[in-house]
file final-v3.cif (mmCIF, C-alpha atoms)
data_input
#
loop_
_atom_site.label_atom_id
_atom_site.label_comp_id
_atom_site.auth_asym_id
_atom_site.auth_seq_id
_atom_site.Cartn_x
_atom_site.Cartn_y
_atom_site.Cartn_z
CA MET A 1 47.96 -13.47 38.23
CA SER A 2 45.64 -16.23 39.40
CA SER A 3 43.47 -14.11 41.66
CA ALA A 4 41.68 -10.82 42.08
CA GLU A 5 41.43 -9.17 45.48
CA PRO A 6 39.06 -10.42 48.20
CA ARG A 7 36.58 -7.98 49.62
CA THR A 8 36.67 -6.83 53.21
CA ALA A 9 34.06 -6.16 55.86
CA GLY A 10 33.94 -4.74 59.34
CA PRO A 11 35.22 -6.84 62.26
CA ASP A 12 31.71 -7.40 63.59
CA HIS A 13 30.24 -8.54 60.26
CA LEU A 14 28.86 -12.08 60.44
CA TRP A 15 29.42 -13.58 57.03
CA SER A 16 27.00 -16.08 55.57
CA VAL A 17 28.31 -19.27 54.00
CA ASP A 18 27.23 -18.00 50.59
CA GLU A 19 28.93 -14.62 51.03
CA HIS A 20 32.22 -16.20 52.02
CA LEU A 21 32.12 -18.69 49.16
CA GLU A 22 31.19 -15.99 46.66
CA ASP A 23 34.14 -13.88 47.80
CA ILE A 24 36.50 -16.84 47.34
CA LEU A 25 35.21 -17.74 43.88
CA THR A 26 35.23 -14.11 42.76
CA THR A 27 38.84 -13.75 43.88
CA VAL A 28 40.24 -17.01 42.52
CA ARG A 29 40.90 -17.07 38.79
CA PRO A 30 41.54 -20.13 36.56
CA LEU A 31 45.22 -20.84 35.98
CA GLU A 32 46.74 -19.81 32.64
CA PRO A 33 46.70 -22.56 29.96
CA ILE A 34 49.84 -24.46 29.05
CA GLU A 35 50.66 -27.11 26.43
CA LEU A 36 51.39 -30.50 27.98
CA GLN A 37 52.35 -33.94 26.78
CA LEU A 38 49.41 -36.33 26.94
CA LEU A 39 50.38 -38.23 30.08
CA ASP A 40 51.31 -35.01 31.85
CA ALA A 41 47.84 -33.66 31.00
CA GLN A 42 46.00 -36.40 32.90
CA GLY A 43 43.57 -34.82 35.36
CA CYS A 44 43.81 -31.42 33.67
CA VAL A 45 40.99 -29.48 32.04
CA LEU A 46 40.96 -29.08 28.27
CA VAL A 47 41.09 -25.45 27.12
CA ASP A 48 39.87 -25.74 23.50
CA ASP A 49 37.56 -28.03 21.56
CA VAL A 50 39.49 -30.81 19.82
CA THR A 51 38.49 -31.55 16.23
CA VAL A 52 39.24 -34.94 14.69
CA PRO A 53 41.79 -34.57 11.85
CA LEU A 54 41.20 -38.09 10.51
CA SER A 55 38.44 -40.65 10.74
CA LEU A 56 38.55 -43.47 13.27
CA PRO A 57 39.13 -46.11 12.20
CA PRO A 58 41.06 -44.53 9.30
CA PHE A 59 40.25 -47.49 7.01
CA ASP A 60 37.92 -50.49 6.80
CA ASN A 61 39.44 -53.22 8.96
CA SER A 62 38.69 -56.65 10.32
CA SER A 63 37.19 -57.12 13.76
CA MET A 64 38.12 -60.82 13.80
CA ASP A 65 40.95 -63.18 12.99
CA GLY A 66 39.73 -65.07 9.95
CA TYR A 67 39.48 -64.84 6.17
CA ALA A 68 38.57 -61.90 3.94
CA VAL A 69 36.15 -63.16 1.29
CA ARG A 70 33.67 -62.18 -1.40
CA VAL A 71 30.05 -62.69 -0.31
CA THR A 72 29.02 -64.68 -3.42
CA ASP A 73 31.87 -67.12 -2.91
CA VAL A 74 30.56 -68.26 0.50
CA SER A 75 26.85 -68.01 -0.21
CA GLY A 76 25.19 -71.27 0.79
CA ALA A 77 28.31 -72.63 2.51
CA SER A 78 27.68 -75.33 5.15
CA GLU A 79 29.58 -78.06 6.96
CA GLU A 80 28.19 -80.59 4.50
CA PHE A 81 28.97 -78.44 1.47
CA PRO A 82 31.76 -76.02 2.41
CA ALA A 83 33.01 -73.29 0.09
CA VAL A 84 36.57 -74.11 -0.93
CA LEU A 85 38.62 -70.96 -1.61
CA GLU A 86 42.20 -70.35 -2.72
CA VAL A 87 44.21 -68.55 -0.01
CA VAL A 88 46.22 -65.80 -1.73
CA GLY A 89 48.20 -64.62 1.30
CA ASP A 90 48.14 -62.97 4.71
CA VAL A 91 46.94 -59.49 5.66
CA ALA A 92 48.37 -58.51 9.03
CA ALA A 93 47.73 -55.37 11.08
CA GLY A 94 49.89 -52.59 9.70
CA ALA A 95 50.10 -54.21 6.27
CA ALA A 96 50.69 -51.99 3.24
CA GLY A 97 50.51 -52.72 -0.49
CA LEU A 98 47.49 -54.98 -0.06
CA LEU A 99 46.90 -58.01 -2.19
CA ARG A 100 43.56 -58.32 -4.05
CA VAL A 101 40.89 -60.93 -3.39
CA GLY A 102 39.39 -62.15 -6.64
CA PRO A 103 36.61 -64.63 -7.42
CA GLY A 104 37.07 -67.94 -5.61
CA GLN A 105 39.82 -66.48 -3.43
CA ALA A 106 40.33 -65.54 0.24
CA ALA A 107 43.02 -63.78 2.24
CA ARG A 108 43.92 -64.79 5.76
CA ILE A 109 43.35 -61.64 7.82
CA MET A 110 44.14 -60.59 11.39
CA THR A 111 42.15 -58.38 13.75
CA GLY A 112 42.75 -54.73 12.95
CA ALA A 113 44.20 -55.42 9.50
CA PRO A 114 42.83 -53.41 6.56
CA LEU A 115 40.19 -55.12 4.42
CA PRO A 116 41.93 -55.97 1.13
CA PRO A 117 40.53 -54.78 -2.21
CA GLY A 118 37.90 -57.12 -3.63
CA ALA A 119 36.90 -58.54 -0.24
CA GLU A 120 33.44 -57.74 1.08
CA ALA A 121 33.30 -59.54 4.43
CA VAL A 122 35.34 -61.47 6.97
CA VAL A 123 34.53 -64.98 8.11
CA PRO A 124 35.95 -65.84 11.55
CA VAL A 125 38.57 -68.59 11.59
CA GLU A 126 36.17 -70.66 13.73
CA TRP A 127 33.87 -70.91 10.67
CA THR A 128 36.67 -72.57 8.67
CA ASP A 129 39.09 -75.47 8.70
CA GLY A 130 42.03 -73.04 8.99
CA GLY A 131 43.45 -74.47 5.79
CA LEU A 132 44.13 -77.83 7.46
CA GLY A 133 41.34 -79.83 5.80
CA GLU A 134 40.34 -81.42 9.11
CA GLY A 135 37.05 -79.72 9.96
CA PRO A 136 36.33 -76.54 11.96
CA VAL A 137 39.21 -75.13 14.03
CA ASN A 138 39.34 -72.83 17.05
CA ALA A 139 42.33 -70.72 16.06
CA MET A 140 44.95 -70.10 13.40
CA ARG A 141 48.32 -71.72 13.64
CA ALA A 142 51.10 -69.20 14.24
CA ARG A 143 52.73 -68.03 11.02
CA SER A 144 56.17 -68.75 12.45
CA LEU A 145 55.15 -72.39 13.01
CA ALA A 146 53.16 -72.89 9.81
CA PRO A 147 54.07 -70.31 7.12
CA GLU A 148 52.28 -72.46 4.57
CA GLY A 149 48.98 -71.36 6.16
CA ALA A 150 49.14 -68.20 4.07
CA GLY A 151 48.65 -70.32 0.92
CA GLY A 152 46.76 -73.40 -0.21
CA HIS A 153 43.01 -73.67 0.24
CA VAL A 154 40.55 -73.04 3.05
CA ARG A 155 37.13 -74.55 3.59
CA VAL A 156 34.41 -72.14 4.80
CA TYR A 157 31.45 -73.73 6.57
CA ARG A 158 29.10 -70.75 6.96
CA PRO A 159 27.95 -67.90 4.69
CA ALA A 160 28.64 -64.25 5.51
CA GLU A 161 26.67 -61.12 4.76
CA ALA A 162 28.27 -58.06 3.19
CA ARG A 163 30.42 -56.11 5.70
CA ALA A 164 30.21 -58.90 8.28
CA HIS A 165 32.96 -58.50 10.89
CA VAL A 166 34.24 -55.34 9.20
CA ARG A 167 34.79 -52.14 11.17
CA ALA A 168 33.95 -49.37 8.72
CA GLN A 169 36.14 -46.34 8.20
CA GLY A 170 34.81 -43.51 10.40
CA SER A 171 32.44 -45.79 12.33
CA ASP A 172 33.95 -44.47 15.60
CA VAL A 173 34.27 -40.80 14.67
CA GLU A 174 34.41 -38.94 11.35
CA ALA A 175 37.10 -36.46 10.35
CA GLY A 176 35.99 -32.92 11.19
CA GLU A 177 33.81 -33.94 14.15
CA CYS A 178 34.42 -32.54 17.64
CA ALA A 179 36.20 -35.22 19.64
CA LEU A 180 36.34 -33.45 23.00
CA ARG A 181 34.78 -30.25 24.27
CA ALA A 182 36.63 -27.50 26.13
CA GLY A 183 36.16 -28.01 29.87
CA THR A 184 36.59 -31.78 29.69
CA VAL A 185 38.72 -33.32 32.43
CA LEU A 186 41.26 -35.56 30.74
CA GLY A 187 41.13 -39.10 32.08
CA PRO A 188 42.45 -42.32 30.54
CA PRO A 189 39.67 -42.66 27.89
CA GLN A 190 40.11 -39.06 26.75
CA ILE A 191 43.88 -39.44 26.56
CA ALA A 192 43.40 -42.62 24.53
CA LEU A 193 41.22 -40.71 22.05
CA LEU A 194 43.74 -37.89 21.73
CA ALA A 195 46.51 -40.39 21.06
CA ALA A 196 44.31 -42.25 18.54
CA ILE A 197 43.82 -39.10 16.47
CA GLY A 198 47.51 -38.29 16.55
CA ARG A 199 47.67 -35.59 19.22
CA GLY A 200 50.88 -35.79 21.24
CA THR A 201 50.30 -32.59 23.20
CA VAL A 202 47.21 -30.67 24.25
CA PRO A 203 46.47 -27.20 25.72
CA VAL A 204 45.09 -27.48 29.25
CA ARG A 205 44.81 -25.60 32.49
CA PRO A 206 47.34 -27.26 34.78
CA ARG A 207 46.38 -28.99 37.99
CA PRO A 208 46.66 -26.43 40.82
CA ARG A 209 49.54 -26.77 43.26
CA VAL A 210 48.11 -26.68 46.76
CA VAL A 211 50.28 -26.39 49.88
CA VAL A 212 48.64 -27.69 53.08
CA MET A 213 49.98 -27.07 56.57
CA SER A 214 48.73 -27.62 60.10
CA THR A 215 49.64 -25.32 62.97
CA GLY A 216 50.00 -26.17 66.63
CA SER A 217 52.85 -27.00 68.99
CA GLU A 218 50.82 -29.94 70.29
CA LEU A 219 50.92 -31.76 66.94
CA VAL A 220 53.07 -34.85 66.43
CA GLN A 221 53.63 -36.77 63.20
CA PRO A 222 52.17 -40.29 62.96
CA ASP A 223 54.59 -43.06 63.99
CA GLU A 224 56.27 -40.73 66.53
CA GLN A 225 55.91 -41.08 70.28
CA LEU A 226 53.22 -38.92 71.88
CA GLY A 227 54.20 -36.81 74.86
CA ASP A 228 51.98 -35.26 77.50
CA GLY A 229 49.32 -33.03 75.96
CA GLN A 230 50.24 -33.99 72.40
CA ILE A 231 48.06 -35.37 69.61
CA TYR A 232 48.76 -36.72 66.15
CA ASP A 233 48.45 -34.35 63.22
CA SER A 234 45.55 -35.69 61.18
CA ASN A 235 44.31 -32.50 59.54
CA SER A 236 47.22 -31.99 57.18
CA PHE A 237 46.89 -35.58 55.95
CA ALA A 238 43.12 -35.29 55.52
CA LEU A 239 43.29 -32.00 53.65
CA THR A 240 46.21 -33.03 51.45
CA ALA A 241 44.30 -36.15 50.46
CA ALA A 242 41.16 -34.07 49.90
CA ALA A 243 43.07 -31.62 47.70
CA ARG A 244 44.38 -34.48 45.57
CA ASP A 245 40.88 -35.92 45.37
CA ALA A 246 39.68 -32.55 44.10
CA GLY A 247 42.23 -32.67 41.27
CA ALA A 248 45.17 -30.73 42.71
CA ILE A 249 48.84 -31.51 43.05
CA ALA A 250 49.05 -31.24 46.83
CA TYR A 251 52.08 -30.79 49.07
CA ARG A 252 51.86 -31.48 52.78
CA VAL A 253 54.07 -29.44 55.11
CA GLY A 254 54.90 -30.76 58.57
CA ALA A 255 53.05 -29.13 61.46
CA VAL A 256 54.25 -25.60 62.25
CA PRO A 257 54.63 -24.71 65.95
CA ASP A 258 52.73 -21.83 67.57
CA ASP A 259 55.17 -19.11 66.57
CA ALA A 260 54.10 -16.29 64.24
CA ASP A 261 57.54 -15.64 62.76
CA THR A 262 58.08 -19.32 62.00
CA LEU A 263 54.68 -19.56 60.32
CA ARG A 264 55.27 -16.44 58.21
CA SER A 265 58.65 -17.68 57.03
CA THR A 266 57.27 -21.18 56.32
CA ILE A 267 54.48 -19.77 54.17
CA GLU A 268 56.92 -17.49 52.37
CA ASP A 269 59.18 -20.47 51.59
CA GLN A 270 56.23 -22.46 50.20
CA LEU A 271 54.88 -19.77 47.86
CA VAL A 272 57.33 -20.75 45.12
CA ARG A 273 55.38 -23.97 44.58
CA ALA A 274 51.86 -22.81 45.45
CA ASP A 275 48.81 -21.72 43.50
CA LEU A 276 46.81 -21.97 46.72
CA VAL A 277 47.80 -22.22 50.39
CA VAL A 278 45.61 -23.93 52.99
CA THR A 279 46.30 -23.72 56.72
CA THR A 280 44.41 -25.40 59.51
CA GLY A 281 44.28 -24.28 63.12
CA GLY A 282 45.01 -21.01 64.86
CA VAL A 283 42.10 -18.93 63.51
CA SER A 284 39.90 -18.53 66.60
CA VAL A 285 40.17 -16.13 69.53
CA GLY A 286 42.67 -17.94 71.76
CA ALA A 287 45.96 -16.50 72.99
CA TYR A 288 47.90 -19.01 70.86
CA ASP A 289 45.97 -18.66 67.60
CA VAL A 290 49.13 -18.11 65.63
CA VAL A 291 47.69 -18.03 62.10
CA LYS A 292 45.55 -15.06 62.98
CA GLU A 293 48.51 -13.34 64.64
CA ALA A 294 50.89 -14.04 61.77
CA LEU A 295 48.68 -13.19 58.81
CA SER A 296 46.17 -10.56 59.87
CA HIS A 297 48.39 -7.72 58.64
CA VAL A 298 50.50 -9.42 56.00
CA GLY A 299 50.71 -7.22 52.91
CA ASP A 300 49.42 -4.02 54.50
CA GLU A 301 52.58 -2.10 53.59
CA ASP A 302 54.68 -4.14 51.17
CA GLU A 303 51.81 -5.75 49.24
CA PRO A 304 48.95 -3.26 48.84
CA GLY A 305 45.61 -5.03 48.59
CA GLY A 306 47.03 -8.27 49.96
CA GLY A 307 46.67 -9.82 53.39
CA VAL A 308 44.34 -12.27 55.06
CA GLU A 309 41.05 -11.29 56.67
CA PHE A 310 39.72 -13.39 59.54
CA ARG A 311 35.97 -13.77 59.65
CA LYS A 312 33.12 -15.23 61.62
CA LEU A 313 30.66 -17.24 59.56
CA ALA A 314 27.07 -18.10 60.37
CA MET A 315 27.74 -21.83 60.21
CA GLN A 316 28.42 -24.81 62.43
CA PRO A 317 30.96 -26.32 62.46
CA GLY A 318 33.52 -23.88 61.06
CA LYS A 319 32.55 -20.45 62.40
CA PRO A 320 36.10 -18.97 62.34
CA GLN A 321 37.60 -18.70 58.84
CA GLY A 322 40.35 -16.75 57.15
CA PHE A 323 40.74 -15.76 53.52
CA GLY A 324 42.99 -13.48 51.51
CA THR A 325 46.09 -13.39 49.37
CA VAL A 326 49.77 -13.52 50.29
CA GLY A 327 53.09 -12.89 48.57
CA ALA A 328 54.07 -10.69 45.64
CA ASP A 329 51.90 -12.79 43.30
CA HIS A 330 48.90 -12.57 45.64
CA ILE A 331 48.51 -16.33 46.09
CA PRO A 332 45.10 -17.16 47.60
CA LEU A 333 45.23 -18.48 51.17
CA LEU A 334 42.38 -20.13 53.05
CA ALA A 335 42.81 -20.48 56.80
CA LEU A 336 40.57 -23.18 58.24
CA PRO A 337 39.71 -24.07 61.86
CA GLY A 338 41.76 -26.69 63.64
CA ASN A 339 39.09 -29.09 64.86
CA PRO A 340 39.10 -32.06 62.46
CA VAL A 341 35.43 -31.97 61.49
CA SER A 342 35.40 -28.18 61.18
CA SER A 343 38.51 -28.37 59.04
CA TYR A 344 37.17 -31.03 56.70
CA VAL A 345 33.70 -29.50 56.33
CA SER A 346 35.33 -26.13 55.60
CA PHE A 347 37.50 -27.76 52.96
CA GLU A 348 34.49 -29.28 51.21
CA LEU A 349 32.54 -26.02 51.29
CA PHE A 350 35.29 -23.56 50.40
CA VAL A 351 38.64 -25.07 49.41
CA ARG A 352 37.39 -27.72 47.01
CA PRO A 353 35.40 -25.16 44.96
CA ALA A 354 38.49 -22.90 44.91
CA ILE A 355 40.63 -25.75 43.56
CA ARG A 356 38.05 -26.62 40.92
CA SER A 357 37.84 -22.95 39.95
CA LEU A 358 41.63 -22.77 39.53
CA MET A 359 41.33 -25.79 37.22
CA GLY A 360 38.87 -23.91 35.04
CA LEU A 361 35.93 -26.23 35.67
CA ARG A 362 32.42 -24.88 35.12
CA ASP A 363 30.82 -26.90 37.94
CA VAL A 364 32.92 -26.57 41.07
CA HIS A 365 30.49 -27.89 43.66
CA ARG A 366 29.72 -31.29 45.11
CA PRO A 367 26.35 -32.66 43.95
CA THR A 368 23.37 -32.08 46.21
CA VAL A 369 20.13 -34.05 46.51
CA ARG A 370 16.96 -33.95 48.55
CA ALA A 371 16.58 -36.87 50.94
CA THR A 372 14.32 -38.10 53.73
CA LEU A 373 15.83 -37.84 57.19
CA ALA A 374 16.04 -41.27 58.82
CA ALA A 375 16.67 -40.64 62.52
CA ASP A 376 15.45 -41.79 65.92
CA ARG A 377 14.80 -38.26 67.11
CA ALA A 378 14.66 -34.70 65.86
CA LEU A 379 17.89 -32.93 64.95
CA SER A 380 18.48 -29.63 66.71
CA SER A 381 20.38 -26.73 65.18
CA PRO A 382 21.41 -23.32 66.54
CA LYS A 383 19.27 -20.47 65.26
CA GLY A 384 21.00 -18.24 62.75
CA ARG A 385 23.63 -20.85 61.83
CA ARG A 386 23.70 -23.11 58.81
CA GLN A 387 24.61 -26.48 60.25
CA PHE A 388 26.37 -29.30 58.43
CA LEU A 389 25.93 -32.71 60.04
CA ARG A 390 27.71 -35.87 58.94
CA GLY A 391 25.47 -38.48 57.41
CA VAL A 392 25.19 -41.69 55.42
CA TYR A 393 23.08 -41.49 52.26
CA ALA A 394 21.38 -44.42 50.49
CA ASP A 395 18.27 -44.87 48.37
CA GLY A 396 16.84 -41.42 48.98
CA GLU A 397 17.36 -41.49 52.75
CA VAL A 398 20.07 -39.98 54.93
CA SER A 399 20.97 -40.99 58.47
CA PRO A 400 23.12 -38.87 60.81
CA VAL A 401 26.33 -40.38 62.17
CA GLY A 402 28.10 -39.17 65.28
CA GLY A 403 27.18 -36.10 67.26
CA ALA A 404 27.56 -32.41 66.57
CA GLY A 405 31.04 -32.24 68.12
CA SER A 406 33.71 -30.91 65.76
CA HIS A 407 36.38 -33.30 67.08
CA LEU A 408 34.64 -36.59 66.14
CA VAL A 409 37.02 -38.04 63.54
CA ALA A 410 35.65 -41.58 63.77
CA ALA A 411 32.15 -40.43 62.83
CA LEU A 412 33.59 -38.38 59.98
CA ALA A 413 35.27 -41.50 58.59
CA GLN A 414 31.86 -43.21 58.32
CA ALA A 415 30.11 -40.32 56.57
CA ASP A 416 29.58 -39.99 52.84
CA ALA A 417 27.31 -36.95 52.97
CA LEU A 418 26.60 -33.70 54.80
CA ILE A 419 23.08 -32.97 56.06
CA VAL A 420 22.35 -29.25 55.64
CA VAL A 421 20.13 -27.54 58.20
CA PRO A 422 19.27 -23.97 57.12
CA GLU A 423 19.90 -20.90 59.27
CA ASP A 424 16.20 -20.37 60.05
CA THR A 425 15.59 -23.96 61.18
CA GLU A 426 16.12 -25.01 64.80
CA SER A 427 14.73 -28.55 64.61
CA VAL A 428 14.31 -31.18 61.89
CA GLU A 429 11.91 -34.04 62.56
CA PRO A 430 12.47 -37.62 61.38
CA GLY A 431 10.86 -38.12 57.97
CA ALA A 432 11.42 -34.50 56.93
CA GLU A 433 13.02 -33.72 53.59
CA VAL A 434 16.51 -32.23 53.88
CA GLU A 435 19.25 -31.04 51.57
CA VAL A 436 22.22 -33.39 51.35
CA VAL A 437 25.70 -32.72 49.99
CA LEU A 438 27.15 -35.93 48.56
CA LEU A 439 30.83 -36.38 49.40
CA GLY A 440 31.63 -39.61 47.57
#
call {"tool": "encode", "arguments": {"input": "final-v3.cif", "output": "structure tokens"}}
result
Amino acid sequence: MSSAEPRTAGPDHLWSVDEHLEDILTTVRPLEPIELQLLDAQGCVLVDDVTVPLSLPPFDNSSMDGYAVRVTDVSGASEEFPAVLEVVGDVAAGAAGLLRVGPGQAARIMTGAPLPPGAEAVVPVEWTDGGLGEGPVNAMRARSLAPEGAGGHVRVYRPAEARAHVRAQGSDVEAGECALRAGTVLGPPQIALLAAIGRGTVPVRPRPRVVVMSTGSELVQPDEQLGDGQIYDSNSFALTAAARDAGAIAYRVGAVPDDADTLRSTIEDQLVRADLVVTTGGVSVGAYDVVKEALSHVGDEDEPGGGVEFRKLAMQPGKPQGFGTVGADHIPLLALPGNPVSSYVSFELFVRPAIRSLMGLRDVHRPTVRATLAADRALSSPKGRRQFLRGVYADGEVSPVGGAGSHLVAALAQADALIVVPEDTESVEPGAEVEVVLLG
């Protein structure tokens, strides 16, 4: 079970933004942990602390291509008076059964190769003649072309201090230390660390599977020909992309026509691959608001405690909202308004936190900052509504973009923030300090 039961209220109750969000986050539960292969765990949240079983690096090794030497043997070395050392062999990365470097000797060593016994430092090949006797070189000759380079003598033109160019055992992380904390989102660097300490699998909360669908007989897929009264379906693309951005595995379903039976059967078919269902459109008070018609009483008889409640919120845009659970497993469903701006703002405020909660993250919200309003005139806001205006944020200032209309997709595409006007504020003057939700 990934969810508890949402609470209900009377039909005339005007929900606040905070009440609605609290109900969602109280209902949604983090997904059960599973063990995944490392690459399959990318983007997932770590369940347990990971302790390092072995030090990194696991042995002293060279950070340069060059020669492993004893410090006293190269003390005072210069181009005029180089130290001449006997080369006793090669030490390559992955080498075992290491040779020993004695007095007056050196071993040709490659980056990442273990420091051989007796050696105290590494001199880069650029400080030597590479065994060629012709002055300083820039690189070693390939072993396949010059196998004799592993023997003979090498001239060293500079001294080296003890442990020079040596990566010490445990200098990255010591055995027994905590490598990663529970709650960490596994990205490429974290997966690299897990692989480096020998972990092939890891317990995580899986990425939530989110099914997104638009409703409306007027909706046409991009690249198709528009007919009279038709528009392209942008909401399902926007919300599917937003769900993926939030960390989910998102599935977009083609627009469902304004038919309650078709919508109910479509949702039922999608539940097999859903941890969360998101619909957009059909939640207001119109005669064709099919989501409200189809889902208002789902679960009343066959699924006690289930069903979707449709609410009015004290916010703009996004006043009409729906929330509940559907199906035998009580999968959470959020029904969002159909206007593009209302839909996207509602996603950011309610769906994104639900997805992050399913992932098991501690902080599920977008960051907020205080900023100075940079505008030509005062911003007006309806009394009793918390308004969210699109804005552009930079260097402690935020500027509104577009108007208050909930259909303005072009303005939404320019915005990287939401300007929050509280319920008790009807006007915000230029230069005032406002709360800003950062979207990028």
call {"tool": "residues_around", "arguments": {"input": "final-v3.cif", "residues": "Ala417 (chain A)", "least_positions_apart": "4", "cutoff": "12 Å", "atoms": "all atoms listed in the file", "output": "PDB file with C-alpha atoms, in the coordinates of the input"}}
result
ATOM      1  CA  VAL A 345      33.700 -29.500  56.330  1.00  0.00           C
ATOM      2  CA  GLU A 348      34.490 -29.280  51.210  1.00  0.00           C
ATOM      3  CA  ARG A 366      29.720 -31.290  45.110  1.00  0.00           C
ATOM      4  CA  PRO A 367      26.350 -32.660  43.950  1.00  0.00           C
ATOM      5  CA  THR A 368      23.370 -32.080  46.210  1.00  0.00           C
ATOM      6  CA  VAL A 369      20.130 -34.050  46.510  1.00  0.00           C
ATOM      7  CA  ARG A 370      16.960 -33.950  48.550  1.00  0.00           C
ATOM      8  CA  ALA A 371      16.580 -36.870  50.940  1.00  0.00           C
ATOM      9  CA  PHE A 388      26.370 -29.300  58.430  1.00  0.00           C
ATOM     10  CA  LEU A 389      25.930 -32.710  60.040  1.00  0.00           C
ATOM     11  CA  ARG A 390      27.710 -35.870  58.940  1.00  0.00           C
ATOM     12  CA  GLY A 391      25.470 -38.480  57.410  1.00  0.00           C
ATOM     13  CA  VAL A 392      25.190 -41.690  55.420  1.00  0.00           C
ATOM     14  CA  TYR A 393      23.080 -41.490  52.260  1.00  0.00           C
ATOM     15  CA  ALA A 394      21.380 -44.420  50.490  1.00  0.00           C
ATOM     16  CA  GLU A 397      17.360 -41.490  52.750  1.00  0.00           C
ATOM     17  CA  VAL A 398      20.070 -39.980  54.930  1.00  0.00           C
ATOM     18  CA  SER A 399      20.970 -40.990  58.470  1.00  0.00           C
ATOM     19  CA  PRO A 400      23.120 -38.870  60.810  1.00  0.00           C
ATOM     20  CA  VAL A 401      26.330 -40.380  62.170  1.00  0.00           C
ATOM     21  CA  ALA A 411      32.150 -40.430  62.830  1.00  0.00           C
ATOM     22  CA  LEU A 412      33.590 -38.380  59.980  1.00  0.00           C
ATOM     23  CA  ALA A 413      35.270 -41.500  58.590  1.00  0.00           C
ATOM     24  CA  VAL A 434      16.510 -32.230  53.880  1.00  0.00           C
ATOM     25  CA  GLU A 435      19.250 -31.040  51.570  1.00  0.00           C
ATOM     26  CA  VAL A 436      22.220 -33.390  51.350  1.00  0.00           C
ATOM     27  CA  VAL A 437      25.700 -32.720  49.990  1.00  0.00           C
ATOM     28  CA  LEU A 438      27.150 -35.930  48.560  1.00  0.00           C
ATOM     29  CA  LEU A 439      30.830 -36.380  49.400  1.00  0.00           C
ATOM     30  CA  GLY A 440      31.630 -39.610  47.570  1.00  0.00           C
TER      31      GLY A 440
END
call {"tool": "closest_residue", "arguments": {"input": "final-v3.cif", "among": "A:Pro353, A:Gly200, A:Pro30, A:Gly384", "to": "Pro422 (chain A)", "atoms": "only C-alpha atoms"}}
result
A:Gly384
call {"tool": "resolve_selection", "arguments": {"input": "final-v3.cif", "expression": "the PyMOL selection byres ((chain A and resi 164) around 10)", "output": "PyMOL selection string"}}
result
chain A and resi 62-64+68+71+120-124+159-163+165-167
call {"tool": "residues_near_point", "arguments": {"input": "final-v3.cif", "point": "(39.9, -60.6, -9.1)", "cutoff": "12 Å", "atoms": "all atoms listed in the file", "output": "PyMOL selection string"}}
result
chain A and resi 69-70+86+88+99-106+116-119
call {"tool": "closest_residue", "arguments": {"input": "final-v3.cif", "among": "A:Ile355, A:Ile197, A:Leu271, A:Leu239", "to": "Glu177 (chain A)", "atoms": "only C-alpha atoms"}}
result
A:Ile197
call {"tool": "residues_around", "arguments": {"input": "final-v3.cif", "residues": "Ala196 (chain A)", "least_positions_apart": "5", "cutoff": "12 Å", "atoms": "only C-alpha atoms", "output": "list in words"}}
result
Leu38, Val52, Pro53, Leu54, Ser55, Leu56, Pro57, Pro58, Asp172, Val173, Ala179, Pro189, Gln190 and Ile191 of chain A
call {"tool": "closest_residue", "arguments": {"input": "final-v3.cif", "among": "A:Val326, A:Ala150, A:Leu418, A:Ile249", "to": "Gly402 (chain A)", "atoms": "only C-alpha atoms"}}
result
A:Leu418
call {"tool": "resolve_selection", "arguments": {"input": "final-v3.cif", "expression": "the PyMOL selection byres ((chain A and resi 180) around 12)", "output": "list of chain:residue names"}}
result
A:Val45, A:Leu46, A:Val47, A:Asp48, A:Asp49, A:Val50, A:Thr51, A:Val52, A:Val173, A:Gly176, A:Glu177, A:Cys178, A:Ala179, A:Arg181, A:Ala182, A:Gly183, A:Thr184, A:Val185, A:Leu186, A:Gly187, A:Pro189, A:Gln190, A:Ile191, A:Ala192, A:Leu193, A:Leu194, A:Ile197, A:Val202
call {"tool": "closest_residue", "arguments": {"input": "final-v3.cif", "among": "A:Thr27, A:Thr201, A:Ser16, A:Ser343", "to": "Ile331 (chain A)", "atoms": "only C-alpha atoms"}}
result
A:Thr27
call {"tool": "residues_around", "arguments": {"input": "final-v3.cif", "residues": "region 128-144 of chain A", "least_positions_apart": "2", "cutoff": "10 Å", "atoms": "only C-alpha atoms", "output": "ChimeraX atom specification"}}
result
/A:65-67,79,82-87,90,108,110,123-126,146-158
call {"tool": "axis_aligned_box", "arguments": {"input": "final-v3.cif", "around": "region 411-429 of chain A", "padding_each_side": "3 Å", "output": "AutoDock Vina command-line options"}}
result
--center_x 23.6 --center_y -31.8 --center_z 58.8 --size_x 29.4 --size_y 28.8 --size_z 18.0
call {"tool": "atom_distance", "arguments": {"input": "final-v3.cif", "atom1": "CA of Ser380 (chain A)", "atom2": "CA of Phe347 (chain A)"}}
result
23.5 Å
call {"tool": "atom_distance", "arguments": {"input": "final-v3.cif", "atom1": "CA of Ala41 (chain A)", "atom2": "CA of Val204 (chain A)"}}
result
7.0 Å
call {"tool": "closest_residue", "arguments": {"input": "final-v3.cif", "among": "A:Thr262, A:Ser357, A:Gln270, A:Thr240", "to": "Ser217 (chain A)", "atoms": "only C-alpha atoms"}}
result
A:Thr262
call {"tool": "closest_residue", "arguments": {"input": "final-v3.cif", "among": "A:Val420, A:Thr215, A:Arg386, A:Pro332", "to": "Glu433 (chain A)", "atoms": "only C-alpha atoms"}}
result
A:Val420
call {"tool": "atom_distance", "arguments": {"input": "final-v3.cif", "atom1": "CA of Pro222 (chain A)", "atom2": "CA of Pro320 (chain A)"}}
result
26.7 Å
